[in-house]
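my_file10.txt, holding compact mmCIF, N, CA and C atoms:
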```txt
# COMPACT_ATOMS: atom_id res chain seq x y z
N MET E 749 -94.49 -94.47 92.07
CA MET E 749 -94.73 -93.07 92.37
C MET E 749 -94.81 -92.29 91.06
N ASN E 750 -95.84 -91.49 90.96
CA ASN E 750 -96.05 -90.67 89.77
C ASN E 750 -96.07 -89.20 90.14
N LYS E 751 -95.87 -88.36 89.13
CA LYS E 751 -95.94 -86.92 89.34
C LYS E 751 -97.34 -86.43 88.99
N TYR E 752 -97.86 -85.52 89.82
CA TYR E 752 -99.19 -84.97 89.63
C TYR E 752 -99.14 -83.47 89.83
N GLU E 753 -100.16 -82.80 89.33
CA GLU E 753 -100.37 -81.41 89.68
C GLU E 753 -101.85 -81.22 89.99
N VAL E 754 -102.11 -80.37 90.95
CA VAL E 754 -103.48 -80.07 91.34
C VAL E 754 -103.66 -78.56 91.33
N VAL E 755 -104.75 -78.13 90.74
CA VAL E 755 -105.12 -76.72 90.75
C VAL E 755 -106.32 -76.58 91.69
N LEU E 756 -106.19 -75.66 92.63
CA LEU E 756 -107.25 -75.41 93.60
C LEU E 756 -107.80 -74.01 93.40
N ILE E 757 -109.10 -73.87 93.48
CA ILE E 757 -109.73 -72.55 93.57
C ILE E 757 -110.36 -72.51 94.95
N ILE E 758 -109.81 -71.64 95.79
CA ILE E 758 -110.19 -71.59 97.19
C ILE E 758 -111.09 -70.38 97.43
N ASN E 759 -112.11 -70.58 98.25
CA ASN E 759 -112.97 -69.48 98.66
C ASN E 759 -112.13 -68.51 99.48
N TYR E 760 -111.86 -67.34 98.93
CA TYR E 760 -110.96 -66.38 99.57
C TYR E 760 -111.74 -65.45 100.48
N THR E 761 -111.52 -65.60 101.78
CA THR E 761 -112.13 -64.68 102.74
C THR E 761 -111.05 -63.84 103.42
N GLU E 762 -109.99 -64.48 103.84
CA GLU E 762 -108.85 -63.77 104.41
C GLU E 762 -107.59 -64.56 104.13
N GLU E 763 -106.46 -63.87 104.12
CA GLU E 763 -105.20 -64.48 103.72
C GLU E 763 -104.77 -65.62 104.65
N GLU E 764 -104.95 -65.43 105.95
CA GLU E 764 -104.54 -66.46 106.91
C GLU E 764 -105.32 -67.76 106.72
N GLN E 765 -106.62 -67.65 106.48
CA GLN E 765 -107.45 -68.84 106.27
C GLN E 765 -107.04 -69.56 104.99
N THR E 766 -106.73 -68.80 103.96
CA THR E 766 -106.31 -69.40 102.69
C THR E 766 -104.99 -70.15 102.86
N LYS E 767 -104.04 -69.57 103.59
CA LYS E 767 -102.76 -70.25 103.84
C LYS E 767 -102.98 -71.55 104.62
N ASN E 768 -103.90 -71.52 105.58
CA ASN E 768 -104.20 -72.73 106.36
C ASN E 768 -104.77 -73.84 105.49
N VAL E 769 -105.63 -73.48 104.54
CA VAL E 769 -106.22 -74.48 103.64
C VAL E 769 -105.12 -75.11 102.78
N ILE E 770 -104.23 -74.29 102.24
CA ILE E 770 -103.14 -74.80 101.40
C ILE E 770 -102.21 -75.70 102.21
N GLU E 771 -101.86 -75.26 103.42
CA GLU E 771 -100.98 -76.06 104.28
C GLU E 771 -101.62 -77.39 104.67
N ARG E 772 -102.94 -77.38 104.87
CA ARG E 772 -103.65 -78.62 105.24
C ARG E 772 -103.52 -79.66 104.12
N PHE E 773 -103.63 -79.22 102.85
CA PHE E 773 -103.53 -80.17 101.75
C PHE E 773 -102.09 -80.58 101.48
N GLN E 774 -101.13 -79.69 101.74
CA GLN E 774 -99.73 -80.09 101.65
C GLN E 774 -99.42 -81.16 102.69
N LYS E 775 -99.93 -80.99 103.90
CA LYS E 775 -99.73 -81.97 104.97
C LYS E 775 -100.39 -83.30 104.62
N LEU E 776 -101.58 -83.25 104.03
CA LEU E 776 -102.27 -84.47 103.62
C LEU E 776 -101.42 -85.26 102.63
N ILE E 777 -100.81 -84.57 101.68
CA ILE E 777 -99.96 -85.24 100.68
C ILE E 777 -98.73 -85.84 101.34
N THR E 778 -98.05 -85.08 102.18
CA THR E 778 -96.82 -85.58 102.80
C THR E 778 -97.10 -86.69 103.82
N ASP E 779 -98.23 -86.62 104.50
CA ASP E 779 -98.58 -87.67 105.47
C ASP E 779 -98.93 -88.99 104.79
N ASN E 780 -99.30 -88.95 103.51
CA ASN E 780 -99.66 -90.16 102.77
C ASN E 780 -98.57 -90.54 101.77
N ASP E 781 -97.32 -90.42 102.19
CA ASP E 781 -96.14 -90.87 101.42
C ASP E 781 -95.88 -90.07 100.15
N GLY E 782 -96.34 -88.84 100.08
CA GLY E 782 -96.07 -87.99 98.92
C GLY E 782 -95.05 -86.92 99.26
N THR E 783 -94.54 -86.28 98.21
CA THR E 783 -93.62 -85.16 98.40
C THR E 783 -94.11 -83.99 97.55
N ILE E 784 -94.02 -82.80 98.11
CA ILE E 784 -94.40 -81.57 97.40
C ILE E 784 -93.20 -81.11 96.59
N ASP E 785 -93.37 -80.97 95.29
CA ASP E 785 -92.28 -80.53 94.42
C ASP E 785 -92.28 -79.01 94.23
N LYS E 786 -93.48 -78.43 94.10
CA LYS E 786 -93.57 -77.00 93.81
C LYS E 786 -94.95 -76.50 94.20
N VAL E 787 -95.01 -75.30 94.76
CA VAL E 787 -96.28 -74.65 95.06
C VAL E 787 -96.24 -73.28 94.41
N ASP E 788 -97.21 -73.00 93.57
CA ASP E 788 -97.29 -71.73 92.85
C ASP E 788 -98.60 -71.06 93.23
N LEU E 789 -98.51 -69.94 93.94
CA LEU E 789 -99.70 -69.20 94.37
C LEU E 789 -100.01 -68.13 93.33
N TRP E 790 -101.14 -68.26 92.68
CA TRP E 790 -101.53 -67.32 91.63
C TRP E 790 -102.28 -66.13 92.19
N GLY E 791 -102.83 -66.26 93.37
CA GLY E 791 -103.51 -65.15 94.01
C GLY E 791 -105.01 -65.14 93.76
N ASN E 792 -105.62 -64.06 94.23
CA ASN E 792 -107.07 -63.89 94.13
C ASN E 792 -107.42 -63.39 92.73
N ARG E 793 -108.33 -64.09 92.06
CA ARG E 793 -108.71 -63.73 90.68
C ARG E 793 -110.22 -63.75 90.53
N ARG E 794 -110.69 -63.01 89.59
CA ARG E 794 -112.11 -63.01 89.25
C ARG E 794 -112.40 -64.27 88.44
N LEU E 795 -113.49 -64.94 88.77
CA LEU E 795 -113.87 -66.16 88.07
C LEU E 795 -114.61 -65.82 86.78
N ALA E 796 -114.50 -66.68 85.79
CA ALA E 796 -115.18 -66.47 84.51
C ALA E 796 -116.70 -66.60 84.67
N TYR E 797 -117.12 -67.42 85.61
CA TYR E 797 -118.54 -67.59 85.91
C TYR E 797 -118.68 -67.87 87.40
N GLU E 798 -119.84 -67.65 87.92
CA GLU E 798 -120.09 -67.80 89.35
C GLU E 798 -120.04 -69.28 89.76
N ILE E 799 -119.31 -69.57 90.84
CA ILE E 799 -119.23 -70.92 91.38
C ILE E 799 -119.66 -70.86 92.84
N LYS E 800 -120.70 -71.60 93.18
CA LYS E 800 -121.21 -71.64 94.56
C LYS E 800 -121.44 -70.23 95.10
N ASP E 801 -122.05 -69.37 94.30
CA ASP E 801 -122.36 -67.98 94.66
C ASP E 801 -121.13 -67.12 94.92
N HIS E 802 -119.99 -67.44 94.33
CA HIS E 802 -118.77 -66.65 94.48
C HIS E 802 -118.31 -66.16 93.11
N ASN E 803 -117.84 -64.91 93.06
CA ASN E 803 -117.32 -64.33 91.82
C ASN E 803 -115.80 -64.30 91.78
N GLU E 804 -115.15 -64.53 92.93
CA GLU E 804 -113.70 -64.51 93.01
C GLU E 804 -113.21 -65.75 93.75
N GLY E 805 -111.98 -66.15 93.44
CA GLY E 805 -111.38 -67.29 94.12
C GLY E 805 -109.88 -67.15 94.14
N TYR E 806 -109.23 -67.80 95.09
CA TYR E 806 -107.78 -67.80 95.22
C TYR E 806 -107.24 -69.04 94.53
N TYR E 807 -106.39 -68.86 93.53
CA TYR E 807 -105.84 -69.97 92.75
C TYR E 807 -104.50 -70.43 93.31
N CYS E 808 -104.32 -71.75 93.38
CA CYS E 808 -103.07 -72.35 93.84
C CYS E 808 -102.78 -73.58 92.97
N LEU E 809 -101.55 -73.68 92.50
CA LEU E 809 -101.10 -74.83 91.73
C LEU E 809 -100.02 -75.55 92.54
N MET E 810 -100.22 -76.85 92.76
CA MET E 810 -99.23 -77.66 93.48
C MET E 810 -98.80 -78.81 92.60
N GLU E 811 -97.49 -79.02 92.52
CA GLU E 811 -96.94 -80.20 91.85
C GLU E 811 -96.40 -81.11 92.94
N PHE E 812 -96.72 -82.40 92.84
CA PHE E 812 -96.28 -83.34 93.86
C PHE E 812 -96.06 -84.71 93.27
N THR E 813 -95.30 -85.53 93.99
CA THR E 813 -95.02 -86.91 93.62
C THR E 813 -95.61 -87.79 94.71
N SER E 814 -96.41 -88.78 94.30
CA SER E 814 -97.06 -89.64 95.29
C SER E 814 -97.58 -90.91 94.64
N PRO E 815 -97.95 -91.90 95.47
CA PRO E 815 -98.63 -93.08 94.95
C PRO E 815 -100.09 -92.75 94.62
N ALA E 816 -100.75 -93.61 93.88
CA ALA E 816 -102.13 -93.37 93.46
C ALA E 816 -103.09 -93.30 94.63
N SER E 817 -102.80 -94.02 95.70
CA SER E 817 -103.69 -93.99 96.87
C SER E 817 -103.76 -92.60 97.50
N THR E 818 -102.66 -91.88 97.46
CA THR E 818 -102.64 -90.51 97.98
C THR E 818 -103.54 -89.60 97.15
N VAL E 819 -103.51 -89.79 95.84
CA VAL E 819 -104.34 -88.97 94.96
C VAL E 819 -105.82 -89.23 95.21
N LYS E 820 -106.18 -90.48 95.44
CA LYS E 820 -107.57 -90.81 95.74
C LYS E 820 -108.03 -90.14 97.03
N GLU E 821 -107.19 -90.19 98.05
CA GLU E 821 -107.52 -89.56 99.33
C GLU E 821 -107.59 -88.04 99.19
N LEU E 822 -106.66 -87.46 98.46
CA LEU E 822 -106.67 -86.01 98.23
C LEU E 822 -107.95 -85.60 97.52
N ASP E 823 -108.34 -86.31 96.49
CA ASP E 823 -109.55 -86.01 95.75
C ASP E 823 -110.78 -86.12 96.65
N ARG E 824 -110.83 -87.14 97.48
CA ARG E 824 -111.96 -87.34 98.38
C ARG E 824 -112.10 -86.16 99.36
N VAL E 825 -110.97 -85.75 99.94
CA VAL E 825 -111.00 -84.67 100.93
C VAL E 825 -111.31 -83.33 100.25
N LEU E 826 -110.78 -83.11 99.06
CA LEU E 826 -111.06 -81.86 98.33
C LEU E 826 -112.56 -81.73 98.03
N LYS E 827 -113.20 -82.85 97.69
CA LYS E 827 -114.63 -82.81 97.36
C LYS E 827 -115.50 -82.44 98.55
N ILE E 828 -115.09 -82.78 99.77
CA ILE E 828 -115.94 -82.52 100.93
C ILE E 828 -115.52 -81.26 101.70
N THR E 829 -114.48 -80.57 101.26
CA THR E 829 -114.03 -79.36 101.94
C THR E 829 -114.80 -78.16 101.40
N GLU E 830 -115.46 -77.44 102.29
CA GLU E 830 -116.30 -76.31 101.87
C GLU E 830 -115.50 -75.13 101.33
N ASP E 831 -114.23 -74.98 101.77
CA ASP E 831 -113.41 -73.86 101.31
C ASP E 831 -112.93 -74.02 99.87
N ILE E 832 -113.04 -75.21 99.30
CA ILE E 832 -112.60 -75.45 97.93
C ILE E 832 -113.79 -75.27 96.98
N LEU E 833 -113.66 -74.30 96.06
CA LEU E 833 -114.72 -74.07 95.08
C LEU E 833 -114.62 -75.08 93.94
N LYS E 834 -113.42 -75.29 93.43
CA LYS E 834 -113.16 -76.24 92.34
C LYS E 834 -111.75 -76.78 92.49
N HIS E 835 -111.51 -77.96 91.93
CA HIS E 835 -110.17 -78.51 91.90
C HIS E 835 -110.03 -79.44 90.69
N MET E 836 -108.79 -79.64 90.27
CA MET E 836 -108.50 -80.58 89.19
C MET E 836 -107.13 -81.19 89.44
N ILE E 837 -107.08 -82.52 89.43
CA ILE E 837 -105.82 -83.24 89.62
C ILE E 837 -105.45 -83.90 88.30
N ILE E 838 -104.21 -83.68 87.86
CA ILE E 838 -103.74 -84.20 86.58
C ILE E 838 -102.43 -84.94 86.80
N ARG E 839 -102.30 -86.11 86.19
CA ARG E 839 -101.04 -86.86 86.22
C ARG E 839 -100.13 -86.30 85.14
N ILE E 840 -98.89 -86.01 85.50
CA ILE E 840 -97.92 -85.47 84.55
C ILE E 840 -97.14 -86.63 83.94
N GLU E 841 -97.19 -86.76 82.64
CA GLU E 841 -96.45 -87.81 81.94
C GLU E 841 -94.99 -87.42 81.86
N GLU E 842 -94.12 -88.38 82.12
CA GLU E 842 -92.68 -88.10 82.07
C GLU E 842 -92.08 -88.53 80.78
```

Please express what this file holds, its structure, as structure tokens.
Amino acid sequence: MNKYEVVLIINYTEEEQTKNVIERFQKLITDNDGTIDKVDLWGNRRLAYEIKDHNEGYYCLMEFTSPASTVKELDRVLKITEDILKHMIIRIEE
């Protein structure tokens, strides 16, 4: 089990939808033998450049511990989810 962090930029339309997207990915991590260590909501911010015709996005940072298979599944689902504008998963060295 390794520690990871993922930064999500979510297409912000309404607060309830954004919370549902974040909860869905937290559930994906915990259902695949991972644990959520920390969730940091940065809020709605203006993007430096336009992504998928959007000028603003909701930023969320999650730190979690999981096996590598969970990270692969998380990355796969993030890529096909329309509400996610960008994401980056990084392994934290201990």

Gly805 in chain E: which residues within 9 Å, counting only C-alpha atoms, same-chain residues fewer than 6 positions away excluded, as a PDB file with N, CA and C atoms, in the frame of the given file?
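The result, stored in selection.pdb:
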```
ATOM      1  N   ILE E 757    -109.100 -73.870  93.480  1.00  0.00           N
ATOM      2  CA  ILE E 757    -109.730 -72.550  93.570  1.00  0.00           C
ATOM      3  C   ILE E 757    -110.360 -72.510  94.950  1.00  0.00           C
ATOM      4  N   ILE E 758    -109.810 -71.640  95.790  1.00  0.00           N
ATOM      5  CA  ILE E 758    -110.190 -71.590  97.190  1.00  0.00           C
ATOM      6  C   ILE E 758    -111.090 -70.380  97.430  1.00  0.00           C
ATOM      7  N   ASN E 759    -112.110 -70.580  98.250  1.00  0.00           N
ATOM      8  CA  ASN E 759    -112.970 -69.480  98.660  1.00  0.00           C
ATOM      9  C   ASN E 759    -112.130 -68.510  99.480  1.00  0.00           C
ATOM     10  N   TYR E 760    -111.860 -67.340  98.930  1.00  0.00           N
ATOM     11  CA  TYR E 760    -110.960 -66.380  99.570  1.00  0.00           C
ATOM     12  C   TYR E 760    -111.740 -65.450 100.480  1.00  0.00           C
ATOM     13  N   GLY E 791    -102.830 -66.260  93.370  1.00  0.00           N
ATOM     14  CA  GLY E 791    -103.510 -65.150  94.010  1.00  0.00           C
ATOM     15  C   GLY E 791    -105.010 -65.140  93.760  1.00  0.00           C
ATOM     16  N   ASN E 792    -105.620 -64.060  94.230  1.00  0.00           N
ATOM     17  CA  ASN E 792    -107.070 -63.890  94.130  1.00  0.00           C
ATOM     18  C   ASN E 792    -107.420 -63.390  92.730  1.00  0.00           C
ATOM     19  N   ARG E 793    -108.330 -64.090  92.060  1.00  0.00           N
ATOM     20  CA  ARG E 793    -108.710 -63.730  90.680  1.00  0.00           C
ATOM     21  C   ARG E 793    -110.220 -63.750  90.530  1.00  0.00           C
ATOM     22  N   ARG E 794    -110.690 -63.010  89.590  1.00  0.00           N
ATOM     23  CA  ARG E 794    -112.110 -63.010  89.250  1.00  0.00           C
ATOM     24  C   ARG E 794    -112.400 -64.270  88.440  1.00  0.00           C
ATOM     25  N   LEU E 795    -113.490 -64.940  88.770  1.00  0.00           N
ATOM     26  CA  LEU E 795    -113.870 -66.160  88.070  1.00  0.00           C
ATOM     27  C   LEU E 795    -114.610 -65.820  86.780  1.00  0.00           C
ATOM     28  N   LEU E 833    -113.660 -74.300  96.060  1.00  0.00           N
ATOM     29  CA  LEU E 833    -114.720 -74.070  95.080  1.00  0.00           C
ATOM     30  C   LEU E 833    -114.620 -75.080  93.940  1.00  0.00           C
TER      31      LEU E 833
END
```

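The interatomic distance for the pair CA of Cys808 in chain E and atom N of Glu842 in chain E works out to 21.8 Å.
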
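Of the listed residues (E:Val755, E:Asp785, E:His802, E:Thr766), E:Val755 comes nearest to Met836 in chain E; the distances count only C-alpha atoms.
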
For this session: Go through E:Glu841, E:Glu811, E:Asp831, E:Glu821 one by one, measure the shortest atom-to-atom distance of each to Val787 in chain E using only N, CA and C atoms, and give the residue with the smallest value.
Result: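 Closest to Val787 in chain E of all the choices is E:Glu811.
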
Seminar exercise, completed: Nearest to Leu776 in chain E, restricted to all atoms listed in the file and choosing among E:His835, E:Ile828, E:Thr813, E:Thr818, comes out as E:Thr818

For this session: Run DSSP on the backbone and grab whatever in chain E lands in strand (DSSP E); send it over as a ChimeraX atom specification.
Result: /E:750-758,783-799,802-814,832-840

Problem set entry | Interatomic distance (Å, one decimal) between atom N of Lys834 in chain E and CA of Met749 in chain E |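 Interatomic distance here is 25.8 Å.
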
Problem set entry | Computed interatomic separation between CA of Tyr806 in chain E and atom N of Leu789 in chain E (Å) |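 Answer for the CA of Tyr806 in chain E to atom N of Leu789 in chain E separation: 9.6 Å.
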
Near-Ile840 in chain E list (6 Å; only N, CA and C atoms; drop same-chain fewer than 4 positions) as a PDB file with N, CA and C atoms, keeping the file's coordinate frame:
```pdb
ATOM      1  N   LYS E 751     -95.870 -88.360  89.130  1.00  0.00           N
ATOM      2  CA  LYS E 751     -95.940 -86.920  89.340  1.00  0.00           C
ATOM      3  C   LYS E 751     -97.340 -86.430  88.990  1.00  0.00           C
ATOM      4  N   TYR E 752     -97.860 -85.520  89.820  1.00  0.00           N
ATOM      5  CA  TYR E 752     -99.190 -84.970  89.630  1.00  0.00           C
ATOM      6  C   TYR E 752     -99.140 -83.470  89.830  1.00  0.00           C
ATOM      7  N   GLU E 753    -100.160 -82.800  89.330  1.00  0.00           N
ATOM      8  CA  GLU E 753    -100.370 -81.410  89.680  1.00  0.00           C
ATOM      9  C   GLU E 753    -101.850 -81.220  89.990  1.00  0.00           C
TER      10      GLU E 753
END
```

Exercise. Which residue out of E:Glu830, E:Leu809, E:Arg824, E:Arg839 has the minimum interatomic distance to Leu756 in chain E when only C-alpha atoms are used?
Worked result: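 Checking each of E:Glu830, E:Leu809, E:Arg824, E:Arg839 against Leu756 in chain E, counting only C-alpha atoms, the winner is E:Leu809.
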
Problem set entry | Who sits within 7 Å of range 777-780 of chain E, only N, CA and C atoms, same chain under 5 positions skipped, as a PyMOL selection string | chain E and resi 772+814-815+818+822
